[in-house]
Amino acid sequence: MARNDKTVEDMIVEMEPVPPSKPPAQRPSRFPVLQRLLALGLVVVGFGAGWMAAGLRSSLAEKPAAGGRGENRQDLLADGWVESDQGVFTRRCQGICRKPRLYGGGIIDVMEVACLERPCGDIQATFAVLDGQGQEVDKVVENRIGRQGERLQLVIESQKPQAKSFALQSFTARARVE
């Protein structure tokens, strides 16, 4: 028989489980920090967007638009509108309308028309173009079609270099109701 050189202690050591060795020291990763910063940034952006949307919604709810959607005759008259025809109101551009700019001489203006109580139908507005002394130098006629509940903008433009202002001469809104 072959003689075994191992002792009982050597065999016991072989039978015992080997404790796991520690992995080599690793450098901490930056990705968890970047992920946390990205998540925090997204939360801040989402909060800001929600805040702005809530502010926009409340500002839109404060004043309803004209044209049969919350305004009435008294509201329009209080805001400077004039009843030019039965149920049809007009005024020069105020508030949120965008006045265009004209380069190279002449003038430009905007007139608002609110078809509150009835369809405006065929709208015809005639304006006198006045110079600095108030003398008429030209006429401008604007035509549009308007439905009930609409608020329209008529853009009045004159290329005459001596033109300084507009004066409304006539306004008609003829609708055919069936």
# chains A, B, ... in the order shown; residues from 1 in each chain; ligands from 1
call {"tool": "closest_atom_pairs", "arguments": {"of": "range 91-132 of chain A", "to": "range 158-167 of chain A", "cutoff": "6 Å", "atoms": "only C-alpha atoms", "output": "Markdown table"}}
result
| residue | atom | partner | partner_atom | distance |
| --- | --- | --- | --- | --- |
| A:Gly105 | CA | A:Pro161 | CA | 5.1 |
| A:Gly106 | CA | A:Gln159 | CA | 4.3 |
| A:Ile107 | CA | A:Ser158 | CA | 5.5 |
| A:Phe127 | CA | A:Ala167 | CA | 5.3 |
| A:Ala128 | CA | A:Ala167 | CA | 5.1 |
| A:Val129 | CA | A:Phe166 | CA | 4.8 |
| A:Leu130 | CA | A:Ser165 | CA | 5.3 |
| A:Asp131 | CA | A:Ala163 | CA | 4.6 |
| A:Gly132 | CA | A:Lys164 | CA | 5.6 |
call {"tool": "residues_around", "arguments": {"residues": "Gly146 in chain A", "least_positions_apart": "3", "cutoff": "12 Å", "atoms": "only C-alpha atoms", "output": "ChimeraX atom specification"}}
result
/A:67,88-89,112-124,143,149-154,172-176
call {"tool": "closest_residue", "arguments": {"among": "A:Leu37, A:Val155, A:Val44, A:Met111", "to": "Leu168 in chain A", "atoms": "only C-alpha atoms"}}
result
A:Met111
call {"tool": "atom_distance", "arguments": {"atom1": "CA of Ser170 in chain A", "atom2": "CA of Gly104 in chain A"}}
result
28.2 Å
call {"tool": "closest_residue", "arguments": {"among": "A:Glu9, A:Asp75, A:Glu157, A:Glu142", "to": "Ile108 in chain A", "atoms": "only C-alpha atoms"}}
result
A:Glu157
call {"tool": "select_by_dssp", "arguments": {"residues": "range 25-138 of chain A", "states": "strand (DSSP E or B)", "output": "PyMOL selection string"}}
result
chain A and resi 82-85+88-92+107-115+121-130+136-138
call {"tool": "closest_residue", "arguments": {"among": "A:Ala53, A:Leu76, A:Cys97, A:Ala39", "to": "Asp109 in chain A", "atoms": "only C-alpha atoms"}}
result
A:Cys97
call {"tool": "closest_residue", "arguments": {"among": "A:Ile145, A:Val8, A:Ala54, A:Ile156", "to": "Cys93 in chain A", "atoms": "only C-alpha atoms"}}
result
A:Ile156
call {"tool": "select_by_dssp", "arguments": {"residues": "range 44-175 of chain A", "states": "alpha helix (DSSP H)", "output": "ChimeraX atom specification"}}
result
/A:44-62,73-78
call {"tool": "write_last_selection", "arguments": {"atoms": "C-alpha atoms", "output": "PDB file, in the first residue's frame"}}
result
ATOM      1  CA  VAL A  44     -37.392  70.314 -11.709  1.00  0.00           C
ATOM      2  CA  VAL A  45     -38.209  70.798 -15.414  1.00  0.00           C
ATOM      3  CA  GLY A  46     -41.531  68.977 -14.977  1.00  0.00           C
ATOM      4  CA  PHE A  47     -42.422  71.088 -11.966  1.00  0.00           C
ATOM      5  CA  GLY A  48     -41.581  74.284 -13.871  1.00  0.00           C
ATOM      6  CA  ALA A  49     -43.617  73.240 -16.916  1.00  0.00           C
ATOM      7  CA  GLY A  50     -46.605  72.404 -14.720  1.00  0.00           C
ATOM      8  CA  TRP A  51     -46.321  75.723 -12.920  1.00  0.00           C
ATOM      9  CA  MET A  52     -46.262  77.628 -16.223  1.00  0.00           C
ATOM     10  CA  ALA A  53     -49.209  75.649 -17.637  1.00  0.00           C
ATOM     11  CA  ALA A  54     -51.272  76.343 -14.531  1.00  0.00           C
ATOM     12  CA  GLY A  55     -50.490  80.052 -14.788  1.00  0.00           C
ATOM     13  CA  LEU A  56     -51.426  80.110 -18.458  1.00  0.00           C
ATOM     14  CA  ARG A  57     -54.677  78.281 -17.787  1.00  0.00           C
ATOM     15  CA  SER A  58     -55.651  80.718 -15.025  1.00  0.00           C
ATOM     16  CA  SER A  59     -54.780  83.765 -17.144  1.00  0.00           C
ATOM     17  CA  LEU A  60     -56.913  82.447 -20.007  1.00  0.00           C
ATOM     18  CA  ALA A  61     -59.791  81.773 -17.635  1.00  0.00           C
ATOM     19  CA  GLU A  62     -59.754  85.331 -16.283  1.00  0.00           C
ATOM     20  CA  ARG A  73     -73.391  93.956 -25.173  1.00  0.00           C
ATOM     21  CA  GLN A  74     -72.565  95.765 -21.915  1.00  0.00           C
ATOM     22  CA  ASP A  75     -69.074  94.230 -21.727  1.00  0.00           C
ATOM     23  CA  LEU A  76     -68.244  95.322 -25.266  1.00  0.00           C
ATOM     24  CA  LEU A  77     -69.572  98.865 -24.767  1.00  0.00           C
ATOM     25  CA  ALA A  78     -67.598  99.160 -21.510  1.00  0.00           C
TER      26      ALA A  78
END
call {"tool": "atom_distance", "arguments": {"atom1": "CA of Val140 in chain A", "atom2": "CA of Gly80 in chain A"}}
result
23.4 Å
call {"tool": "closest_residue", "arguments": {"among": "A:Val110, A:Glu71, A:Glu83, A:Leu42", "to": "Ile96 in chain A", "atoms": "only C-alpha atoms"}}
result
A:Val110
